[in-house]
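The file input25.txt comes next; it holds compact mmCIF, C-alpha atoms and all ligand atoms.
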```
# COMPACT_ATOMS: atom_id res chain seq x y z
CA MET P 1 111.47 96.48 71.16
CA GLY P 2 114.16 93.91 70.40
CA LYS P 3 113.61 92.19 73.73
CA TYR P 4 110.30 90.68 72.60
CA ALA P 5 111.76 88.72 69.68
CA ARG P 6 114.79 87.84 71.75
CA LEU P 7 112.66 86.33 74.53
CA ARG P 8 110.85 84.17 72.01
CA GLN P 9 114.16 83.02 70.46
CA ARG P 10 115.66 82.15 73.81
CA LEU P 11 112.59 80.25 75.02
CA LEU P 12 112.56 78.18 71.84
CA ALA P 13 116.27 77.43 72.25
CA GLU P 14 116.53 76.97 76.01
CA LEU P 15 113.09 75.93 77.27
CA PRO P 16 111.53 73.86 74.50
CA GLU P 17 108.97 72.55 77.02
CA VAL P 18 107.21 75.93 76.77
CA LYS P 19 104.31 75.39 74.37
CA MET P 20 103.95 78.38 72.05
CA GLN P 21 100.71 79.38 70.36
CA GLU P 22 99.86 82.38 68.25
CA ALA P 23 96.88 84.27 69.62
CA LEU P 24 94.23 86.20 67.72
CA PRO P 25 94.21 89.98 68.03
CA ALA P 26 91.65 91.38 70.46
CA SER P 27 88.46 92.43 68.67
CA ARG P 28 86.84 95.87 68.84
CA ASP P 29 84.04 94.41 70.99
CA GLU P 30 86.53 92.86 73.40
CA LEU P 31 88.46 96.10 73.74
CA ALA P 32 85.17 97.93 74.28
CA LEU P 33 84.61 95.99 77.51
CA VAL P 34 87.09 98.51 78.94
CA HIS P 35 88.00 101.15 76.38
CA ALA P 36 85.98 104.02 74.92
CA LEU P 37 84.92 103.34 71.33
CA SER P 38 86.19 106.76 70.28
CA TYR P 39 89.66 105.86 71.58
CA ILE P 40 89.65 102.35 70.05
CA ASP P 41 88.71 103.83 66.68
CA ALA P 42 91.27 106.62 66.90
CA VAL P 43 93.97 103.99 67.43
CA ALA P 44 92.61 101.88 64.57
CA THR P 45 92.50 104.73 62.08
CA GLY P 46 95.54 106.69 63.17
CA SER P 47 93.54 109.75 64.18
CA LEU P 48 94.96 110.16 67.69
CA SER P 49 95.87 113.72 68.54
CA ALA P 50 99.56 114.63 68.69
CA ALA P 51 99.24 114.99 72.47
CA ALA P 52 97.64 111.56 72.82
CA GLN P 53 100.45 110.02 70.77
CA ARG P 54 103.09 111.75 72.86
CA GLU P 55 101.54 110.35 76.01
CA ILE P 56 101.70 106.83 74.57
CA GLY P 57 105.37 107.41 73.83
CA PHE P 58 105.76 105.95 70.35
CA PRO P 59 104.42 107.10 66.99
CA TRP P 60 101.30 105.69 65.36
CA SER P 61 101.64 103.33 62.41
CA PRO P 62 99.38 100.57 61.08
CA ALA P 63 101.80 98.08 62.67
CA MET P 64 101.60 99.87 66.03
CA ALA P 65 97.79 99.62 65.96
CA GLU P 66 97.93 95.94 65.02
CA ARG P 67 100.53 95.21 67.67
CA ALA P 68 98.40 96.88 70.35
CA ARG P 69 95.45 94.59 69.56
CA ARG P 70 97.65 91.50 69.44
CA SER P 71 99.31 92.30 72.72
CA VAL P 72 95.88 92.26 74.37
CA GLY P 73 94.81 89.17 72.40
CA ALA P 74 97.70 87.13 73.75
CA THR P 75 96.73 87.94 77.34
CA LEU P 76 93.13 86.95 76.57
CA GLN P 77 94.36 83.64 75.19
CA ALA P 78 96.62 83.10 78.21
CA CYS P 79 93.64 83.63 80.54
CA ARG P 80 91.48 81.24 78.56
CA SER P 81 94.24 78.63 78.65
CA ALA P 82 94.76 79.07 82.37
CA LEU P 83 91.03 78.85 83.13
CA SER P 84 90.34 75.89 80.88
CA GLY P 85 92.70 73.52 82.62
CA GLY P 86 96.10 74.83 81.58
CA TRP P 87 96.43 76.54 84.98
CA LEU P 88 99.51 78.50 84.02
CA ALA P 89 99.88 80.46 80.79
CA ALA P 90 101.55 83.65 79.67
CA ASN P 91 101.84 86.39 77.09
CA LEU P 92 105.37 86.94 75.74
CA ALA P 93 104.60 90.67 75.83
CA GLY P 94 101.64 92.50 77.43
CA GLY P 95 101.34 93.96 80.89
CA THR P 96 100.27 97.34 79.50
CA HIS P 97 99.07 98.68 82.83
CA HIS P 98 99.44 102.42 82.18
CA ALA P 99 96.60 102.48 79.64
CA TYR P 100 93.34 104.06 80.84
CA ALA P 101 89.86 103.47 79.45
CA ASP P 102 90.09 106.51 77.17
CA LYS P 103 93.80 107.04 76.59
CA GLY P 104 97.17 105.35 76.36
CA SER P 105 100.25 106.24 78.37
CA GLY P 106 103.80 105.11 79.10
CA PHE P 107 104.24 102.77 76.08
CA CYS P 108 100.80 101.23 76.75
CA VAL P 109 97.97 101.55 74.19
CA PHE P 110 95.26 99.21 75.55
CA ASN P 111 95.10 97.70 79.04
CA ASP P 112 95.43 93.95 78.47
CA PHE P 113 94.80 92.85 82.08
CA ALA P 114 91.69 95.01 82.32
CA VAL P 115 90.22 93.69 79.06
CA ALA P 116 91.10 90.13 80.10
CA ALA P 117 89.49 90.45 83.53
CA ARG P 118 86.28 91.85 82.03
CA LEU P 119 86.12 89.31 79.21
CA MET P 120 86.74 86.34 81.52
CA GLN P 121 84.01 87.68 83.81
CA SER P 122 81.61 87.99 80.88
CA GLU P 123 82.25 84.31 80.07
CA ALA P 124 82.10 83.16 83.72
CA PRO P 125 79.80 85.52 85.65
CA GLY P 126 80.92 86.05 89.22
CA LEU P 127 84.59 85.31 88.47
CA ARG P 128 86.81 87.22 90.89
CA VAL P 129 90.18 88.36 89.61
CA ALA P 130 93.29 89.36 91.56
CA ILE P 131 95.82 91.46 89.68
CA ILE P 132 99.30 91.21 91.20
CA ASP P 133 101.30 93.94 89.51
CA LEU P 134 105.01 93.71 90.33
CA ASP P 135 106.27 95.89 87.50
CA VAL P 136 108.39 98.62 89.09
CA HIS P 137 105.98 101.30 87.86
CA GLN P 138 102.57 101.73 89.43
CA GLY P 139 99.63 100.13 87.62
CA ASN P 140 97.80 103.45 87.38
CA GLY P 141 95.55 102.65 84.42
CA THR P 142 94.47 99.33 85.92
CA ALA P 143 93.81 100.95 89.30
CA ALA P 144 91.64 103.66 87.73
CA ILE P 145 89.64 101.21 85.59
CA PHE P 146 88.79 98.99 88.57
CA ALA P 147 88.54 101.73 91.21
CA HIS P 148 84.87 100.99 91.93
CA ASP P 149 84.79 97.31 91.03
CA PRO P 150 84.79 94.97 94.05
CA THR P 151 85.16 91.89 91.81
CA VAL P 152 88.72 92.79 90.74
CA PHE P 153 91.44 93.32 93.34
CA THR P 154 94.36 95.47 92.21
CA LEU P 155 97.67 95.10 94.03
CA SER P 156 100.64 97.18 92.89
CA LEU P 157 104.15 97.03 94.39
CA HIS P 158 106.21 99.81 92.86
CA GLY P 159 108.89 102.44 93.24
CA ALA P 160 107.54 105.43 95.17
CA ARG P 161 109.57 107.96 93.18
CA ASN P 162 109.08 106.42 89.76
CA PHE P 163 106.65 107.03 86.87
CA PRO P 164 103.69 107.64 86.95
CA PHE P 165 104.15 110.70 89.10
CA ARG P 166 100.42 111.04 89.71
CA LYS P 167 99.46 107.61 90.99
CA GLU P 168 95.93 106.20 91.15
CA PRO P 169 94.75 104.37 94.26
CA SER P 170 94.80 100.57 93.80
CA ASP P 171 93.03 98.30 96.28
CA LEU P 172 96.50 97.83 97.76
CA ASP P 173 99.52 99.97 96.92
CA VAL P 174 102.97 99.27 98.32
CA GLU P 175 105.55 101.98 97.69
CA LEU P 176 109.22 101.06 97.76
CA PRO P 177 112.16 103.45 98.26
CA ASP P 178 114.89 103.97 95.66
CA GLY P 179 117.59 101.34 95.98
CA CYS P 180 115.27 98.76 97.54
CA ALA P 181 117.02 95.36 97.36
CA ASP P 182 116.02 91.70 97.59
CA VAL P 183 115.30 91.23 101.30
CA GLU P 184 113.29 94.39 101.78
CA TYR P 185 111.36 93.74 98.56
CA LEU P 186 110.51 90.14 99.37
CA GLU P 187 109.34 91.11 102.86
CA ALA P 188 107.08 93.77 101.37
CA LEU P 189 105.70 91.23 98.89
CA GLU P 190 104.99 88.77 101.69
CA ARG P 191 103.05 91.36 103.67
CA ALA P 192 101.13 92.39 100.54
CA LEU P 193 100.12 88.81 99.73
CA ASP P 194 98.99 88.35 103.34
CA GLU P 195 96.80 91.40 103.07
CA LEU P 196 95.42 90.31 99.71
CA GLU P 197 94.53 87.00 101.32
CA ARG P 198 92.68 88.71 104.15
CA ARG P 199 90.70 91.00 101.87
CA PHE P 200 89.86 89.04 98.74
CA GLU P 201 89.17 85.53 97.49
CA PRO P 202 90.18 85.29 93.82
CA ASP P 203 89.29 82.66 91.22
CA LEU P 204 91.97 83.81 88.77
CA VAL P 205 95.33 85.53 89.28
CA LEU P 206 96.82 87.88 86.69
CA TYR P 207 100.50 88.46 87.38
CA LEU P 208 102.47 91.31 85.86
CA ALA P 209 106.04 90.03 86.11
CA GLY P 210 107.88 93.22 85.15
CA ALA P 211 111.63 92.82 84.74
CA ASP P 212 112.28 96.46 85.60
CA PRO P 213 112.89 96.12 89.37
CA HIS P 214 116.25 94.57 88.33
CA GLU P 215 119.40 96.39 89.45
CA GLY P 216 120.58 96.63 85.83
CA ASP P 217 117.48 98.50 84.68
CA ARG P 218 117.82 102.03 83.31
CA LEU P 219 114.42 103.19 84.61
CA GLY P 220 113.74 101.01 87.62
CA ARG P 221 115.59 102.74 90.51
CA LEU P 222 115.45 99.50 92.55
CA LYS P 223 118.25 96.99 93.15
CA LEU P 224 116.84 93.51 92.86
CA SER P 225 119.26 90.78 91.80
CA PHE P 226 118.48 87.95 89.37
CA ASP P 227 118.04 85.70 92.42
CA GLY P 228 115.73 88.21 94.09
CA LEU P 229 113.51 88.41 91.03
CA GLU P 230 113.42 84.65 90.73
CA ALA P 231 112.37 84.42 94.38
CA ARG P 232 109.67 87.01 93.66
CA ASP P 233 108.29 84.98 90.74
CA ARG P 234 108.46 81.79 92.75
CA ARG P 235 106.57 83.38 95.65
CA VAL P 236 103.71 84.57 93.44
CA MET P 237 103.43 81.27 91.56
CA ASP P 238 103.63 79.33 94.79
CA TRP P 239 100.92 81.51 96.31
CA ALA P 240 98.62 80.69 93.39
CA TRP P 241 99.61 77.02 93.37
CA GLN P 242 98.94 76.60 97.11
CA ARG P 243 95.43 77.91 96.52
CA ARG P 244 94.99 75.97 93.24
CA LEU P 245 94.29 79.21 91.41
CA PRO P 246 94.83 79.48 87.66
CA LEU P 247 97.45 82.08 86.86
CA ALA P 248 98.15 84.05 83.69
CA PHE P 249 101.16 86.32 83.48
CA ALA P 250 102.58 88.97 81.17
CA MET P 251 106.02 90.51 80.92
CA GLY P 252 105.51 94.27 81.34
CA GLY P 253 108.50 96.58 81.55
CA GLY P 254 112.22 95.92 81.34
CA TYR P 255 114.76 98.45 80.10
CA GLY P 256 118.15 96.96 80.93
CA HIS P 257 121.37 98.88 80.26
CA ASP P 258 122.15 95.48 78.78
CA PRO P 259 118.91 94.36 77.06
CA GLU P 260 120.05 90.77 77.44
CA ALA P 261 119.82 91.16 81.23
CA THR P 262 116.14 92.07 80.87
CA VAL P 263 115.57 89.01 78.70
CA GLN P 264 117.46 86.88 81.25
CA VAL P 265 115.06 87.98 84.01
CA GLN P 266 112.15 87.00 81.76
CA VAL P 267 113.64 83.64 80.77
CA ASN P 268 114.09 82.93 84.48
CA THR P 269 110.40 83.71 85.02
CA TYR P 270 109.51 81.07 82.42
CA ARG P 271 111.90 78.56 83.98
CA THR P 272 110.14 78.99 87.32
CA ALA P 273 106.75 78.83 85.59
CA LEU P 274 107.66 75.50 84.00
CA GLU P 275 108.31 74.02 87.45
CA TYR P 276 104.89 75.11 88.61
CA ALA P 277 103.27 74.02 85.36
CA SER P 278 104.53 70.53 86.11
CA HIS P 279 102.78 70.64 89.53
CA TRP P 280 99.59 71.66 87.78
CA ALA P 281 99.96 68.97 85.14
CA VAL P 282 100.05 66.33 87.86
CA MET P 283 96.80 67.70 89.19
CA ALA P 284 95.10 67.90 85.79
CA PRO P 285 93.63 64.36 85.65
CA ALA P 286 91.58 65.14 88.75
CA ARG P 287 90.14 68.25 87.13
CA GLY P 288 86.44 68.68 87.82
CA THR P 289 86.76 67.28 91.29
CA VAL P 290 89.36 69.59 92.81
CA ALA P 291 88.21 72.78 94.43
CA GLY P 292 90.31 75.04 92.23
CA SER P 293 88.75 74.09 88.92
CA THR P 294 85.14 74.24 89.99
CA HIS P 295 85.55 77.21 92.25
CA TRP P 296 84.71 79.89 89.74
CA HIS P 297 81.45 78.23 88.87
CA ASN P 298 80.59 78.18 92.56
CA ALA P 299 81.49 81.83 92.83
CA ALA P 300 78.61 82.69 90.53
CA ALA P 301 76.09 81.14 92.85
ZN ZN H 1 107.51 99.30 84.24
```
Target format structure tokens, applied to this file:
Amino acid sequence: MGKYARLRQRLLAELPEVKMQEALPASRDELALVHALSYIDAVATGSLSAAAQREIGFPWSPAMAERARRSVGATLQACRSALSGGWLAANLAGGTHHAYADKGSGFCVFNDFAVAARLMQSEAPGLRVAIIDLDVHQGNGTAAIFAHDPTVFTLSLHGARNFPFRKEPSDLDVELPDGCADVEYLEALERALDELERRFEPDLVLYLAGADPHEGDRLGRLKLSFDGLEARDRRVMDWAWQRRLPLAFAMGGGYGHDPEATVQVQVNTYRTALEYASHWAVMAPARGTVAGSTHWHNAAA
């Protein structure tokens, strides 16, 4: 848990160009775009069964329920920022991809990317969303929620032998062997982005920039270096930038033997994001005339 506050502290100290805003918590109606009302209310009132709490992985408290709503709210705000001309925005937490419509799992209570995709689509009908999930664990909840939805493309690159042990089919799953290092990983990412390009035309990219593929991670089982993870982030942001697609990202997992190493991976993600944000800022005055900004209106036609 300490990593969240630490990331905020380090961004304020080291990357003051990052503009911070406090987001509102997600409302019951927003959560209900994805989640069962009975589940939302059980989280709100603390009436989850013992088994349901065990599957989430941490105990219920009023603060836990509040945090779960805020973690979704920050991703909603990041998407709104990205779509309304900010192009690139992020949640300092979020990426809770193991949550299903009717239950939490693996430290995830509500599925922030799923709620965000549905809410943005309700505000811009026809919006097509690509979810690029590079957390080391499979995005099983996200895959299940969008299994029959052709307007949201789910891509998950993950460790084959890692949690969750019963995986759900995404639109594109790429399984990596234990010990997978930079070169093999980046080649797999390249092939995955090529296939995404062939199969889907997004208007918005949601990027789950998990820090847990890092070689210093306790749970990751992969061997990416700091440089490898930075190249990964750069590739995804460049892919979106080349296509003038707004991008929102969230941090997802990261369980370093040294927690500071996890935070370092995340700070590096923000440093790369700032470079791309400056590209987008240059483009901003032309907004309304460039293809990227009007595209999602066209998509509704
Ligand atoms: Zn993870």
**Request:** May I ask which of the residues P:Phe107, P:Tyr100, P:Tyr270, P:Trp280 is the closest one to ligand ZN 1 (chain H), counting all atoms listed in the file?
**Result:** P:Phe107
**Prompt:** Within 7 Å of ligand ZN 1 (chain H), counting all atoms listed in the file, which protein or nucleic acid residues do you find, written as a PyMOL selection string?
**Reply:** chain P and resi 135-137+210+212+252-254
**Within 12 Å of file point (100.8, 78.8, 94.8), counting only C-alpha atoms, expressed as JSON, numbers by chain** = {"P": [87, 88, 193, 204, 205, 233, 234, 235, 236, 237, 238, 239, 240, 241, 242, 243, 244, 245, 246, 247, 272, 273, 275, 276, 277, 279, 280, 292]}
**Item:** Selection near Ala101 in chain P, 8 Å with only C-alpha atoms, sequence-local residues under 4 positions removed, as a PyMOL selection string
**Value:** chain P and resi 34-36+110-111+141+145
How big is the axis-aligned box around all listed atoms of range 1-19 of chain P once 6 Å goes on each side, and where's its centre, in Å to one decimal, as lines of an AutoDock Vina configuration file?
```
center_x = 110.4
center_y = 84.5
center_z = 73.5
size_x = 24.2
size_y = 35.9
size_z = 19.6
```
**Item:** Contacts of Asp182 in chain P within 7 Å, all atoms listed in the file, excl. fewer than 4 positions in-chain, as a PyMOL selection string
**Value:** chain P and resi 186+224-225+228
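Compared by their closest atoms to Glu187 in chain P, and using all atoms listed in the file, the residues P:Thr262, P:Arg28, P:Gly256, P:Val174 rank with P:Val174 nearest.
Nearest residue to Tyr39 in chain P among P:Val109, P:Met1, P:Leu7, P:Met20 is P:Val109, counting only C-alpha atoms.
Shortest atom-to-atom contact with Ala90 in chain P among P:Lys19, P:Lys3, P:His214, P:Arg199: P:Lys19, counting only C-alpha atoms.
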**Asked** Got a sec to check which residues sit within 9 Å of (116.8, 97.4, 85.9), counting only C-alpha atoms, and write them as a PyMOL selection string?
**Response** chain P and resi 211-224+254-257+261-262
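Using all atoms listed in the file, the nearest neighbour of Cys180 in chain P within the list P:Gly139, P:Pro164, P:Gly159, P:Pro150 is P:Gly159.
Taking all atoms listed in the file into account, Val263 in chain P lies nearest to P:Leu92 out of the set P:Leu92, P:Cys79, P:Leu127, P:Ala65.
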N, CA and C atoms are what I want for range 90-122 of chain P; can you complete it accordingly and write them as a short mmCIF file (atom, residue, chain, number, x, y, z; two decimals), in the frame of the given file?
```
data_model
loop_
_atom_site.label_atom_id
_atom_site.label_comp_id
_atom_site.auth_asym_id
_atom_site.auth_seq_id
_atom_site.Cartn_x
_atom_site.Cartn_y
_atom_site.Cartn_z
N ALA P 90 100.95 82.32 79.68
CA ALA P 90 101.55 83.65 79.67
C ALA P 90 101.51 84.28 78.29
N ASN P 91 101.66 85.59 78.30
CA ASN P 91 101.84 86.39 77.09
C ASN P 91 103.32 86.76 77.03
N LEU P 92 103.95 86.58 75.87
CA LEU P 92 105.37 86.94 75.74
C LEU P 92 105.58 88.45 75.78
N ALA P 93 104.52 89.21 75.70
CA ALA P 93 104.60 90.67 75.83
C ALA P 93 103.52 91.08 76.84
N GLY P 94 102.76 92.13 76.56
CA GLY P 94 101.64 92.50 77.43
C GLY P 94 102.07 93.14 78.74
N GLY P 95 101.08 93.27 79.62
CA GLY P 95 101.34 93.96 80.89
C GLY P 95 101.27 95.46 80.73
N THR P 96 100.34 95.91 79.87
CA THR P 96 100.27 97.34 79.50
C THR P 96 99.36 98.09 80.48
N HIS P 97 99.88 98.24 81.68
CA HIS P 97 99.07 98.68 82.83
C HIS P 97 98.92 100.20 82.96
N HIS P 98 99.61 100.97 82.10
CA HIS P 98 99.44 102.42 82.18
C HIS P 98 98.29 102.93 81.31
N ALA P 99 97.69 102.05 80.52
CA ALA P 99 96.60 102.48 79.64
C ALA P 99 95.31 102.64 80.44
N TYR P 100 94.64 103.76 80.24
CA TYR P 100 93.34 104.06 80.84
C TYR P 100 92.24 103.67 79.86
N ALA P 101 90.99 103.81 80.31
CA ALA P 101 89.86 103.47 79.45
C ALA P 101 89.83 104.33 78.18
N ASP P 102 90.25 105.58 78.30
CA ASP P 102 90.09 106.51 77.17
C ASP P 102 91.39 107.08 76.65
N LYS P 103 92.52 106.55 77.12
CA LYS P 103 93.80 107.04 76.59
C LYS P 103 94.93 106.07 76.92
N GLY P 104 95.97 106.12 76.08
CA GLY P 104 97.17 105.35 76.36
C GLY P 104 98.18 106.20 77.11
N SER P 105 99.22 105.53 77.62
CA SER P 105 100.25 106.24 78.37
C SER P 105 101.44 105.31 78.57
N GLY P 106 102.62 105.89 78.68
CA GLY P 106 103.80 105.11 79.10
C GLY P 106 104.03 103.83 78.30
N PHE P 107 104.02 103.92 76.98
CA PHE P 107 104.24 102.77 76.08
C PHE P 107 103.09 101.76 76.11
N CYS P 108 101.94 102.14 76.67
CA CYS P 108 100.80 101.23 76.75
C CYS P 108 99.63 101.83 75.96
N VAL P 109 99.08 101.06 75.02
CA VAL P 109 97.97 101.55 74.19
C VAL P 109 96.64 101.10 74.80
N PHE P 110 96.46 99.78 74.92
CA PHE P 110 95.26 99.21 75.55
C PHE P 110 95.69 98.46 76.81
N ASN P 111 94.77 98.35 77.78
CA ASN P 111 95.10 97.70 79.04
C ASN P 111 94.72 96.22 78.97
N ASP P 112 95.71 95.37 78.72
CA ASP P 112 95.43 93.95 78.47
C ASP P 112 94.82 93.25 79.69
N PHE P 113 95.34 93.53 80.89
CA PHE P 113 94.80 92.85 82.08
C PHE P 113 93.34 93.27 82.33
N ALA P 114 93.06 94.54 82.07
CA ALA P 114 91.69 95.01 82.32
C ALA P 114 90.72 94.36 81.33
N VAL P 115 91.09 94.32 80.05
CA VAL P 115 90.22 93.69 79.06
C VAL P 115 90.07 92.20 79.39
N ALA P 116 91.15 91.57 79.78
CA ALA P 116 91.10 90.13 80.10
C ALA P 116 90.19 89.87 81.29
N ALA P 117 90.33 90.67 82.33
CA ALA P 117 89.49 90.45 83.53
C ALA P 117 88.02 90.59 83.14
N ARG P 118 87.69 91.63 82.39
CA ARG P 118 86.28 91.85 82.03
C ARG P 118 85.76 90.76 81.10
N LEU P 119 86.58 90.34 80.14
CA LEU P 119 86.12 89.31 79.21
C LEU P 119 85.93 87.97 79.92
N MET P 120 86.88 87.61 80.80
CA MET P 120 86.74 86.34 81.52
C MET P 120 85.50 86.39 82.41
N GLN P 121 85.21 87.55 82.98
CA GLN P 121 84.01 87.68 83.81
C GLN P 121 82.74 87.59 82.97
N SER P 122 82.81 88.07 81.72
CA SER P 122 81.61 87.99 80.88
C SER P 122 81.35 86.53 80.48
#
```
